[in-house]
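Everything below belongs to query_17.txt, which stores compact mmCIF, C-alpha atoms.
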# COMPACT_ATOMS: atom_id res chain seq x y z
CA MET P 1039 0.00 0.00 0.00
CA ALA P 1040 1.42 3.37 -0.95
CA LEU P 1041 2.36 5.64 1.90
CA GLU P 1042 -0.04 8.37 0.82
CA GLU P 1043 -2.94 5.86 0.96
CA ARG P 1044 -2.09 4.72 4.48
CA VAL P 1045 -1.49 8.13 6.03
CA GLU P 1046 -4.73 9.99 6.12
CA PRO P 1047 -4.70 13.59 7.23
CA VAL P 1048 -6.75 14.11 10.35
CA ALA P 1049 -9.92 15.91 9.53
CA ALA P 1050 -10.05 19.23 11.30
CA PRO P 1051 -13.16 20.39 13.08
CA PRO P 1052 -14.93 23.13 11.15
CA SER P 1053 -13.70 25.95 13.35
CA ALA P 1054 -10.39 24.43 14.37
CA GLY P 1055 -7.78 27.13 14.38
CA ALA P 1056 -9.77 29.01 11.86
CA HIS P 1057 -9.40 32.73 11.84
CA GLY P 1058 -11.49 35.03 9.80
CA ALA P 1059 -14.49 32.75 9.60
CA GLY P 1060 -17.15 33.85 12.03
CA HIS P 1061 -15.16 36.79 13.38
CA PRO P 1062 -17.10 39.93 14.25
CA SER P 1063 -17.45 42.78 11.77
CA PRO P 1064 -15.57 46.10 12.31
CA LYS P 1065 -18.87 47.64 13.51
CA GLU P 1066 -19.18 44.99 16.23
CA TYR P 1067 -15.56 45.62 17.27
CA VAL P 1068 -16.31 49.35 17.57
CA ARG P 1069 -19.42 48.56 19.64
CA ILE P 1070 -17.35 46.40 22.02
CA GLY P 1071 -14.74 49.18 22.14
CA VAL P 1072 -17.42 51.72 23.15
CA VAL P 1073 -18.68 49.36 25.90
CA LEU P 1074 -15.08 49.01 27.18
CA PHE P 1075 -14.69 52.81 27.24
CA VAL P 1076 -17.98 53.23 29.14
CA LEU P 1077 -17.00 50.54 31.69
CA THR P 1078 -13.62 52.21 32.22
CA ALA P 1079 -15.34 55.57 32.73
CA LEU P 1080 -17.64 53.89 35.28
CA GLU P 1081 -14.63 52.42 37.09
CA ILE P 1082 -12.95 55.81 37.35
CA THR P 1083 -16.19 57.48 38.49
CA ALA P 1084 -16.73 54.75 41.11
CA SER P 1085 -13.21 55.27 42.49
CA TYR P 1086 -14.05 58.96 43.12
CA THR P 1087 -17.29 58.25 45.00
CA HIS P 1088 -16.98 58.20 48.77
CA VAL P 1089 -18.50 54.75 49.28
CA SER P 1090 -17.05 52.21 51.68
CA GLY P 1091 -14.41 49.78 50.50
CA SER P 1092 -16.77 46.85 51.01
CA VAL P 1093 -18.95 48.24 48.17
CA LEU P 1094 -16.28 49.91 46.05
CA ILE P 1095 -13.80 47.02 45.81
CA PRO P 1096 -16.32 44.36 44.64
CA THR P 1097 -17.79 46.90 42.17
CA LEU P 1098 -14.35 47.62 40.70
CA PHE P 1099 -13.56 43.90 40.51
CA VAL P 1100 -16.82 43.11 38.71
CA LEU P 1101 -16.22 45.91 36.18
CA ALA P 1102 -12.62 44.72 35.61
CA ILE P 1103 -13.77 41.10 35.13
CA VAL P 1104 -16.41 42.17 32.57
CA LYS P 1105 -13.80 44.21 30.66
CA PHE P 1106 -11.32 41.32 30.82
CA ALA P 1107 -13.95 38.90 29.49
CA LEU P 1108 -15.01 41.24 26.67
CA VAL P 1109 -11.43 41.60 25.41
CA VAL P 1110 -10.66 37.87 25.68
CA LEU P 1111 -13.92 36.67 24.13
CA TRP P 1112 -14.32 39.28 21.37
CA PHE P 1113 -10.99 40.89 20.60
CA MET P 1114 -8.97 37.69 21.18
CA HIS P 1115 -11.77 35.66 19.53
CA LEU P 1116 -12.00 32.91 22.16
CA LYS P 1117 -15.77 33.07 21.73
CA PHE P 1118 -15.42 32.15 18.05
CA ASP P 1119 -12.30 29.94 17.95
CA ASP P 1120 -11.87 26.29 18.76
CA ARG P 1121 -12.63 25.59 22.43
CA ARG P 1122 -9.27 23.88 22.89
CA PHE P 1123 -7.51 27.28 22.75
CA ALA P 1124 -9.82 28.51 25.50
CA ARG P 1125 -9.12 25.42 27.61
CA PHE P 1126 -5.35 26.01 27.52
CA PHE P 1127 -5.72 29.67 28.43
CA VAL P 1128 -8.29 29.06 31.17
CA MET P 1129 -6.03 26.34 32.59
CA GLY P 1130 -3.19 28.87 33.02
CA LEU P 1131 -5.49 31.64 34.22
CA ALA P 1132 -7.36 29.44 36.71
CA GLY P 1133 -4.12 27.80 37.90
CA ALA P 1134 -2.54 31.22 38.53
CA SER P 1135 -5.69 32.58 40.21
CA ILE P 1136 -6.05 29.60 42.57
CA LEU P 1137 -2.34 29.49 43.42
CA TYR P 1138 -2.07 33.20 44.21
CA LEU P 1139 -5.39 33.25 46.05
CA ILE P 1140 -4.00 30.54 48.34
CA VAL P 1141 -0.84 32.66 48.84
CA LEU P 1142 -2.93 35.75 49.76
CA ILE P 1143 -5.14 33.75 52.12
CA THR P 1144 -2.05 32.17 53.72
CA PHE P 1145 -0.64 35.63 54.45
CA LYS P 1146 -4.06 36.79 55.75
CA VAL P 1147 -4.33 39.63 53.25
CA PHE P 1148 -8.14 39.48 53.37
CA LEU P 1149 -8.41 39.37 57.16
CA MET V 1345 2.33 5.75 10.77
CA ALA V 1346 -1.24 6.92 10.92
CA ASP V 1347 -0.44 9.41 13.62
CA VAL V 1348 2.25 11.18 11.63
CA ALA V 1349 1.53 14.89 11.39
CA ILE V 1350 0.82 15.83 7.81
CA GLU V 1351 2.47 19.16 7.08
CA ARG V 1352 0.69 20.33 4.01
CA GLY V 1353 -0.10 23.84 2.93
CA GLY V 1354 -3.57 24.95 2.24
CA GLY V 1355 -5.30 23.70 5.37
CA HIS V 1356 -8.27 25.85 6.38
CA GLY V 1357 -8.14 27.98 3.30
CA ALA V 1358 -4.34 28.35 3.29
CA GLU V 1359 -4.42 29.51 6.91
CA HIS V 1360 -2.07 26.92 8.43
CA PRO V 1361 -0.70 23.49 7.51
CA GLU V 1362 -2.69 20.33 8.35
CA THR V 1363 -1.81 19.11 11.83
CA THR V 1364 -2.74 16.04 13.86
CA THR V 1365 -4.90 18.17 16.14
CA GLY V 1366 -6.47 20.17 13.36
CA LEU V 1367 -5.32 23.29 15.19
CA SER V 1368 -2.64 25.73 14.18
CA HIS V 1369 0.34 24.81 16.36
CA THR V 1370 1.62 28.39 16.19
CA LYS V 1371 -1.66 29.67 17.59
CA LEU V 1372 -1.76 26.92 20.19
CA ALA V 1373 1.79 27.81 21.26
CA MET V 1374 0.79 31.47 21.52
CA TRP V 1375 -2.16 30.60 23.81
CA ILE V 1376 0.08 28.38 25.97
CA PHE V 1377 2.62 31.20 26.16
CA LEU V 1378 -0.13 33.63 27.22
CA ALA V 1379 -1.31 31.13 29.86
CA SER V 1380 2.25 31.04 31.23
CA GLU V 1381 2.28 34.84 31.24
CA CYS V 1382 -0.76 34.69 33.57
CA MET V 1383 1.55 32.99 36.07
CA LEU V 1384 4.22 35.69 35.67
CA PHE V 1385 1.89 38.66 36.04
CA GLY V 1386 -0.12 36.82 38.70
CA ALA V 1387 3.05 36.57 40.81
CA LEU V 1388 3.85 40.27 40.34
CA ILE V 1389 0.29 41.43 41.11
CA THR V 1390 0.08 39.13 44.15
CA THR V 1391 3.37 40.51 45.47
CA TYR V 1392 2.03 44.06 45.09
CA VAL V 1393 -1.20 43.13 46.92
CA LEU V 1394 0.74 41.27 49.62
CA TYR V 1395 2.82 44.35 50.49
CA ARG V 1396 0.03 46.89 49.90
CA GLY V 1397 -0.15 49.42 52.72
CA ARG V 1398 2.86 47.93 54.50
CA SER V 1399 5.41 50.62 53.62
CA ILE V 1400 6.83 52.39 56.64
CA GLU V 1401 8.54 55.15 54.67
CA PRO V 1402 6.72 57.72 52.49
CA PRO V 1403 5.82 58.44 49.73
CA TYR V 1404 2.63 56.37 49.82
CA PRO V 1405 0.40 55.71 46.78
CA ALA V 1406 -2.14 58.38 47.79
CA ASP V 1407 0.67 60.98 47.89
CA ILE V 1408 1.84 60.53 44.34
CA PHE V 1409 -0.78 58.79 42.15
CA ASP V 1410 -2.37 61.02 39.53
CA ILE V 1411 -5.55 59.06 38.69
CA PRO V 1412 -6.79 61.39 35.87
CA TYR V 1413 -3.40 61.07 34.13
CA THR V 1414 -3.30 57.26 34.45
CA SER V 1415 -6.95 57.07 33.34
CA VAL V 1416 -6.01 58.75 30.07
CA SER V 1417 -3.23 56.16 29.63
CA SER V 1418 -5.79 53.40 30.23
CA PHE V 1419 -8.10 54.82 27.56
CA VAL V 1420 -5.13 55.01 25.17
CA LEU V 1421 -4.29 51.31 25.70
CA LEU V 1422 -7.95 50.29 25.33
CA ALA V 1423 -8.15 52.30 22.09
CA SER V 1424 -5.05 50.46 20.85
CA SER V 1425 -6.81 47.13 21.35
CA LEU V 1426 -9.68 48.38 19.18
CA THR V 1427 -7.33 49.58 16.42
CA MET V 1428 -5.54 46.19 16.59
CA VAL V 1429 -8.73 44.25 15.82
CA LEU V 1430 -9.55 46.74 13.06
CA ALA V 1431 -6.10 45.97 11.57
CA LEU V 1432 -6.94 42.26 11.70
CA SER V 1433 -10.30 42.90 10.09
CA ALA V 1434 -8.61 44.86 7.27
CA ALA V 1435 -6.04 42.03 6.85
CA GLN V 1436 -8.85 39.48 6.53
CA GLN V 1437 -10.36 41.62 3.77
CA ARG V 1438 -6.88 41.78 2.12
CA ASP V 1439 -6.92 45.59 2.40
CA GLU V 1440 -3.20 46.06 3.08
CA GLY V 1441 -3.29 49.86 3.03
CA ARG V 1442 -5.93 50.06 5.75
CA MET V 1443 -4.23 47.23 7.66
CA ARG V 1444 -0.90 49.16 7.72
CA LEU V 1445 -2.73 52.33 8.83
CA TRP V 1446 -4.42 50.56 11.78
CA LEU V 1447 -1.18 48.76 12.73
CA LEU V 1448 0.69 52.06 12.73
CA THR V 1449 -2.08 53.68 14.80
CA THR V 1450 -1.88 50.80 17.29
CA ALA V 1451 1.92 51.19 17.51
CA LEU V 1452 1.57 54.97 18.02
CA LEU V 1453 -1.00 54.44 20.79
CA GLY V 1454 1.32 51.88 22.38
CA MET V 1455 4.22 54.34 22.21
CA THR V 1456 1.99 57.03 23.77
CA PHE V 1457 1.23 54.64 26.64
CA VAL V 1458 4.92 53.78 27.16
CA GLY V 1459 5.87 57.49 26.91
CA GLY V 1460 3.22 58.25 29.55
CA GLN V 1461 4.67 55.55 31.79
CA VAL V 1462 8.21 56.92 31.40
CA TYR V 1463 6.88 60.40 32.33
CA GLU V 1464 5.02 58.95 35.34
CA PHE V 1465 8.11 57.04 36.55
CA THR V 1466 10.23 60.20 36.18
CA ALA V 1467 7.71 62.28 38.13
CA PHE V 1468 7.53 59.65 40.91
CA TYR V 1469 11.32 59.49 41.07
CA HIS V 1470 11.55 63.26 41.54
CA GLU V 1471 8.91 63.01 44.28
CA GLY V 1472 11.21 60.63 46.15
CA LEU V 1473 9.88 57.21 45.14
CA LYS V 1474 12.81 55.06 44.06
CA LEU V 1475 12.96 51.31 43.54
CA SER V 1476 14.48 50.85 47.01
CA THR V 1477 12.62 53.61 48.90
CA ASN V 1478 9.94 51.35 50.36
CA LEU V 1479 7.88 48.21 49.66
CA PHE V 1480 5.44 50.24 47.55
CA GLY V 1481 8.26 51.56 45.31
CA THR V 1482 9.76 48.10 44.80
CA THR V 1483 6.51 46.28 44.02
CA PHE V 1484 5.04 49.14 41.97
CA TYR V 1485 8.07 49.68 39.71
CA VAL V 1486 8.65 45.95 39.16
CA LEU V 1487 4.99 45.26 38.29
CA THR V 1488 4.33 48.28 36.05
CA GLY V 1489 7.87 48.15 34.65
CA PHE V 1490 7.41 44.53 33.51
CA HIS V 1491 4.13 45.53 31.90
CA GLY V 1492 5.81 48.50 30.18
CA VAL V 1493 8.50 46.20 28.76
CA HIS V 1494 5.75 43.94 27.37
CA VAL V 1495 4.07 46.93 25.70
CA THR V 1496 7.43 47.99 24.23
CA VAL V 1497 8.01 44.49 22.81
CA GLY V 1498 4.47 44.64 21.34
CA VAL V 1499 5.22 48.01 19.71
CA LEU V 1500 8.39 46.54 18.14
CA MET V 1501 6.37 43.59 16.76
CA LEU V 1502 3.75 45.97 15.35
CA LEU V 1503 6.39 48.15 13.66
CA SER V 1504 8.03 44.98 12.27
CA LEU V 1505 4.69 43.95 10.77
CA VAL V 1506 4.28 47.40 9.17
CA GLY V 1507 7.84 47.19 7.79
CA MET V 1508 7.35 43.65 6.48
CA SER V 1509 4.05 44.62 4.88
CA SER V 1510 5.63 47.65 3.18
CA ALA V 1511 8.47 45.43 1.91
CA ARG V 1512 5.88 42.86 0.69
CA ARG V 1513 7.39 40.20 2.94
CA LEU V 1514 4.09 39.15 4.52
CA PRO V 1515 2.15 36.19 3.05
CA ASP V 1516 -0.64 36.84 0.53
CA ASP V 1517 -3.10 36.37 3.38
CA PRO V 1518 -1.44 38.43 6.12
CA SER V 1519 -4.18 37.82 8.68
CA PHE V 1520 -2.39 34.99 10.53
CA PRO V 1521 0.74 36.93 11.65
CA ILE V 1522 -1.49 39.93 12.45
CA GLU V 1523 -3.72 37.72 14.59
CA MET V 1524 -0.73 36.27 16.50
CA VAL V 1525 0.71 39.71 17.29
CA GLY V 1526 -2.84 40.83 18.10
CA LEU V 1527 -3.25 38.06 20.70
CA TYR V 1528 -0.09 39.25 22.44
CA TRP V 1529 -1.23 42.89 22.24
CA HIS V 1530 -4.68 42.19 23.69
CA PHE V 1531 -3.09 40.16 26.49
CA VAL V 1532 -0.98 43.18 27.41
CA ASP V 1533 -4.23 45.17 27.48
CA ILE V 1534 -6.05 42.72 29.79
CA VAL V 1535 -3.08 42.71 32.16
CA TRP V 1536 -3.38 46.52 32.33
CA ILE V 1537 -7.12 46.21 33.07
CA VAL V 1538 -6.18 44.26 36.21
CA ILE V 1539 -3.22 46.50 37.13
CA PHE V 1540 -5.27 49.69 36.72
CA THR V 1541 -7.94 48.37 39.08
CA VAL V 1542 -5.69 46.74 41.69
CA VAL V 1543 -2.88 49.31 41.81
CA TYR V 1544 -4.53 52.64 40.99
CA LEU V 1545 -8.28 52.50 41.67
CA ILE V 1546 -8.55 50.41 44.83
CA PRO V 1547 -7.60 52.70 47.73
CA THR V 1548 -4.48 51.63 49.61
CA PRO V 1549 -4.84 51.29 53.39
CA SER V 1550 -3.00 54.03 55.23
CA PRO V 1551 0.08 53.11 57.33
CA GLY V 1552 -1.00 51.96 60.76
CA GLY V 1553 -4.53 51.25 59.50
CA PRO V 1554 -6.03 47.85 58.67
CA GLY V 1555 -3.57 45.98 56.52
CA GLY V 1556 -0.91 48.56 57.29
CA PRO V 1557 2.30 48.00 59.23
Before anything else, please render the file you have as structure tokens.
Amino acid sequence: MALEERVEPVAAPPSAGAHGAGHPSPKEYVRIGVVLFVLTALEITASYTHVSGSVLIPTLFVLAIVKFALVVLWFMHLKFDDRRFARFFVMGLAGASILYLIVLITFKVFL
Amino acid sequence: MADVAIERGGGHGAEHPETTTGLSHTKLAMWIFLASECMLFGALITTYVLYRGRSIEPPYPADIFDIPYTSVSSFVLLASSLTMVLALSAAQQRDEGRMRLWLLTTALLGMTFVGGQVYEFTAFYHEGLKLSTNLFGTTFYVLTGFHGVHVTVGVLMLLSLVGMSSARRLPDDPSFPIEMVGLYWHFVDIVWIVIFTVVYLIPTPSPGGPGGP
């Protein structure tokens, strides 16, 4: 049997590693950009309000997480690309978050 | 033999060679690299948080931070992420002129951010905050300095792409290298989102107060 008959290329999933296909249009990118600007403006405004840290800090964290997610999902295309890319990134992100959270708890930063 | 990777051009519409996983290995490597960068920046941010409010020598963050100035820098970096995806969009439409324009705009915004950081560091230095002044100075300069170096590397990659495009050294479909540099650039942006919140916006406990020395 000829080599080329025995070695079959592995069929790629439809979206595997694809770029371009299914990506947002420039208008959608601008919309996401506007949302990011508004969220940043909200963050800055919130930091100037004289509310207690127990309200301010969670508010700032929620706004930062939303901004983070918008950039990763839309601008970095994790929402549209193969899920395996997301898995690798989330593995690193979650690993780092858990590890450093344990460090902060160990040193009683939150107490 | 069946598991031999078939390197053949033209996979996914000439986007990357056929691989055993069906994924572009370059893109996969970039995502793994970015995941490892989460560990690096996670360590630096955690160190900053760990020593937050524990400096016994002034200046303290509240004495020297200029939030309106840093806010403008944050808007500049966010805008650069938008121009980066617009460059990718132009590359996907094979509009090289518009792609070069957006790449150059992104690089200029990145340089503005780095220039702003150099100005900020200089101002802080003249106000008495040196790397070895106190725990705040050490953790602040190391964290934001590492981020600034990453932005500078990103600017160099963007300018290289513009140069390669002008010299017609990019592939016919230039979207893949643009996307890879874009992933790095957006990562630098998301790191700043976290730094801006943790370092600048969350008020630092005063010395002697809760969390202070």
- Query: Which is closest to His1530 in chain V among P:Leu1074, P:Ala1079, P:Ala1107, P:Met1114, if we use all atoms listed in the file?
  - Reply: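 The closest residue to His1530 in chain V is P:Met1114.
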- To one decimal in Å, tell me the separation between CA of His1470 in chain V and CA of Val1499 in chain V. 27.4 Å
- Query: Between V:Ser1425, V:Ser1417, V:Thr1456, V:Ser1399, which has the minimum distance to chain P (counting all atoms listed in the file)?
  - Reply: V:Ser1425
- Which distance in Å separates CA of Thr1449 in chain V and CA of Ser1424 in chain V, to one decimal?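 Taking CA of Thr1449 in chain V and CA of Ser1424 in chain V, their separation equals 7.5 Å.
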- Neighbour list for Val1462 in chain V as a list in words, cut-off 12 Å, all atoms listed in the file, skip fewer than 5 positions in-chain: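 So the residues in contact are Thr1414, Ser1417, Met1455, Thr1456, Phe1457, Ala1467, Phe1468, Tyr1469, Tyr1485, Thr1488, Gly1489, Gly1492, Val1493 and Thr1496 of chain V.
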Each residue of range 1427-1462 of chain V with at least one atom at most 10 Å from range 1059-1070 of chain P should appear once, together with its nearest atom pair and the corresponding distance in Å (one decimal); atoms considered: all atoms listed in the file; ordering: chain, then increasing residue number; output as a tab-separated table.
residue	atom	partner	partner_atom	distance
V:Thr1427	CA	P:Val1068	CA	9.1
V:Val1429	CA	P:Tyr1067	CA	7.1
V:Leu1430	CA	P:Pro1064	CA	6.1
V:Ala1431	CA	P:Pro1064	CA	9.5
V:Leu1432	CA	P:Pro1064	CA	9.5
V:Ser1433	CA	P:Pro1064	CA	6.6
V:Ala1434	CA	P:Pro1064	CA	8.7
V:Gln1436	CA	P:Ala1059	CA	9.3
- Query: Just how far from CA of Gly1071 in chain P is CA of Ala1423 in chain V, in Å to one decimal?
  - Reply: 7.3 Å
- Message: When you look at Val1147 in chain P with a cut-off of 12 Å (counting only C-alpha atoms), what residues show up, excluding the ones that are within fewer than 6 positions of it in the same chain? I need them as a list of chain:residue names.
- Response: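 Contacts, with the query itself left out: P:Tyr1138, P:Leu1139, P:Ile1140, P:Val1141, V:Thr1390, V:Thr1391, V:Tyr1392, V:Val1393, V:Leu1394, V:Tyr1395, V:Arg1396, V:Gly1397, V:Arg1398, V:Pro1549, V:Pro1554, V:Gly1555, V:Gly1556.
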- Task: With a distance cut-off of 12 Å and only C-alpha atoms, select the neighbouring residues of Leu1445 in chain V, excluding the residue or stretch itself and same-chain residues fewer than 3 positions from it, and output the selection as a list in words.
- Result: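 Final neighbour list, sorted by chain and number: Thr1427, Met1428, Leu1430, Ala1431, Leu1432, Ala1434, Ala1435, Asp1439, Glu1440, Gly1441, Arg1442, Leu1448, Thr1449, Thr1450, Ala1451, Leu1452, Leu1502, Leu1503, Leu1505, Val1506, Gly1507, Ser1509 and Ser1510 of chain V.
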With the cut-off set at 8 Å and counting only C-alpha atoms, tabulate each residue of chain V with an atom at most that distance from an atom of chain P, showing the nearest atom pair and its distance in Å to one decimal, ordered by chain and increasing number, as JSON lines.
{"residue": "V:Met1345", "atom": "CA", "partner": "P:Val1045", "partner_atom": "CA", "distance": 6.5}
{"residue": "V:Ala1346", "atom": "CA", "partner": "P:Val1045", "partner_atom": "CA", "distance": 5.0}
{"residue": "V:Asp1347", "atom": "CA", "partner": "P:Val1045", "partner_atom": "CA", "distance": 7.8}
{"residue": "V:Val1348", "atom": "CA", "partner": "P:Val1045", "partner_atom": "CA", "distance": 7.4}
{"residue": "V:Ala1349", "atom": "CA", "partner": "P:Pro1047", "partner_atom": "CA", "distance": 7.6}
{"residue": "V:Ile1350", "atom": "CA", "partner": "P:Pro1047", "partner_atom": "CA", "distance": 6.0}
{"residue": "V:His1356", "atom": "CA", "partner": "P:Ala1056", "partner_atom": "CA", "distance": 6.5}
{"residue": "V:Glu1359", "atom": "CA", "partner": "P:Ala1056", "partner_atom": "CA", "distance": 7.3}
{"residue": "V:Glu1362", "atom": "CA", "partner": "P:Pro1047", "partner_atom": "CA", "distance": 7.1}
{"residue": "V:Thr1363", "atom": "CA", "partner": "P:Val1048", "partner_atom": "CA", "distance": 7.2}
{"residue": "V:Thr1364", "atom": "CA", "partner": "P:Val1048", "partner_atom": "CA", "distance": 5.7}
{"residue": "V:Thr1365", "atom": "CA", "partner": "P:Ala1050", "partner_atom": "CA", "distance": 7.1}
{"residue": "V:Gly1366", "atom": "CA", "partner": "P:Ala1050", "partner_atom": "CA", "distance": 4.2}
{"residue": "V:Leu1367", "atom": "CA", "partner": "P:Gly1055", "partner_atom": "CA", "distance": 4.6}
{"residue": "V:Ser1368", "atom": "CA", "partner": "P:Gly1055", "partner_atom": "CA", "distance": 5.3}
{"residue": "V:Lys1371", "atom": "CA", "partner": "P:Gly1055", "partner_atom": "CA", "distance": 7.4}
{"residue": "V:Leu1372", "atom": "CA", "partner": "P:Phe1123", "partner_atom": "CA", "distance": 6.3}
{"residue": "V:Trp1375", "atom": "CA", "partner": "P:Phe1127", "partner_atom": "CA", "distance": 5.9}
{"residue": "V:Ile1376", "atom": "CA", "partner": "P:Phe1126", "partner_atom": "CA", "distance": 6.1}
{"residue": "V:Leu1378", "atom": "CA", "partner": "P:Phe1127", "partner_atom": "CA", "distance": 7.0}
{"residue": "V:Ala1379", "atom": "CA", "partner": "P:Gly1130", "partner_atom": "CA", "distance": 4.3}
{"residue": "V:Ser1380", "atom": "CA", "partner": "P:Gly1130", "partner_atom": "CA", "distance": 6.1}
{"residue": "V:Cys1382", "atom": "CA", "partner": "P:Leu1131", "partner_atom": "CA", "distance": 5.7}
{"residue": "V:Met1383", "atom": "CA", "partner": "P:Ala1134", "partner_atom": "CA", "distance": 5.1}
{"residue": "V:Gly1386", "atom": "CA", "partner": "P:Ala1134", "partner_atom": "CA", "distance": 6.1}
{"residue": "V:Ala1387", "atom": "CA", "partner": "P:Tyr1138", "partner_atom": "CA", "distance": 7.0}
{"residue": "V:Thr1390", "atom": "CA", "partner": "P:Tyr1138", "partner_atom": "CA", "distance": 6.3}
{"residue": "V:Val1393", "atom": "CA", "partner": "P:Val1147", "partner_atom": "CA", "distance": 7.9}
{"residue": "V:Leu1394", "atom": "CA", "partner": "P:Val1147", "partner_atom": "CA", "distance": 6.4}
{"residue": "V:Ser1415", "atom": "CA", "partner": "P:Ile1082", "partner_atom": "CA", "distance": 7.3}
{"residue": "V:Phe1419", "atom": "CA", "partner": "P:Phe1075", "partner_atom": "CA", "distance": 6.9}
{"residue": "V:Leu1422", "atom": "CA", "partner": "P:Phe1075", "partner_atom": "CA", "distance": 7.4}
{"residue": "V:Ala1423", "atom": "CA", "partner": "P:Gly1071", "partner_atom": "CA", "distance": 7.3}
{"residue": "V:Ser1425", "atom": "CA", "partner": "P:Phe1113", "partner_atom": "CA", "distance": 7.5}
{"residue": "V:Leu1426", "atom": "CA", "partner": "P:Gly1071", "partner_atom": "CA", "distance": 5.9}
{"residue": "V:Val1429", "atom": "CA", "partner": "P:Phe1113", "partner_atom": "CA", "distance": 6.3}
{"residue": "V:Leu1430", "atom": "CA", "partner": "P:Pro1064", "partner_atom": "CA", "distance": 6.1}
{"residue": "V:Ser1433", "atom": "CA", "partner": "P:Pro1064", "partner_atom": "CA", "distance": 6.6}
{"residue": "V:Gln1436", "atom": "CA", "partner": "P:Gly1058", "partner_atom": "CA", "distance": 6.1}
{"residue": "V:Ser1519", "atom": "CA", "partner": "P:Gly1058", "partner_atom": "CA", "distance": 7.9}
{"residue": "V:Phe1520", "atom": "CA", "partner": "P:His1057", "partner_atom": "CA", "distance": 7.5}
{"residue": "V:Gly1526", "atom": "CA", "partner": "P:Met1114", "partner_atom": "CA", "distance": 7.5}
{"residue": "V:Leu1527", "atom": "CA", "partner": "P:Met1114", "partner_atom": "CA", "distance": 5.8}
{"residue": "V:His1530", "atom": "CA", "partner": "P:Met1114", "partner_atom": "CA", "distance": 6.7}
{"residue": "V:Phe1531", "atom": "CA", "partner": "P:Val1110", "partner_atom": "CA", "distance": 8.0}
{"residue": "V:Ile1534", "atom": "CA", "partner": "P:Phe1106", "partner_atom": "CA", "distance": 5.5}
{"residue": "V:Ile1537", "atom": "CA", "partner": "P:Ala1102", "partner_atom": "CA", "distance": 6.2}
{"residue": "V:Val1538", "atom": "CA", "partner": "P:Ala1102", "partner_atom": "CA", "distance": 6.5}
{"residue": "V:Thr1541", "atom": "CA", "partner": "P:Leu1098", "partner_atom": "CA", "distance": 6.7}
{"residue": "V:Leu1545", "atom": "CA", "partner": "P:Ser1085", "partner_atom": "CA", "distance": 5.7}
{"residue": "V:Ile1546", "atom": "CA", "partner": "P:Ile1095", "partner_atom": "CA", "distance": 6.3}
{"residue": "V:Pro1547", "atom": "CA", "partner": "P:Gly1091", "partner_atom": "CA", "distance": 7.9}
{"residue": "V:Gly1555", "atom": "CA", "partner": "P:Val1147", "partner_atom": "CA", "distance": 7.2}
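For Glu1471 in chain V, the set of protein, DNA and RNA residues having any atom at most 12 Å away, when counting all atoms listed in the file and skipping those fewer than 2 positions along the same chain, is Pro1402, Pro1403, Tyr1404, Pro1405, Asp1407, Ile1408, Phe1409, Glu1464, Phe1465, Thr1466, Ala1467, Phe1468, Tyr1469, Leu1473, Lys1474, Thr1477 and Gly1481 of chain V.
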- Return the single residue from V:Thr1483, V:Ser1476, V:Ile1522, V:Phe1377 that is closest to Trp1446 in chain V, with distances computed using all atoms listed in the file. V:Ile1522
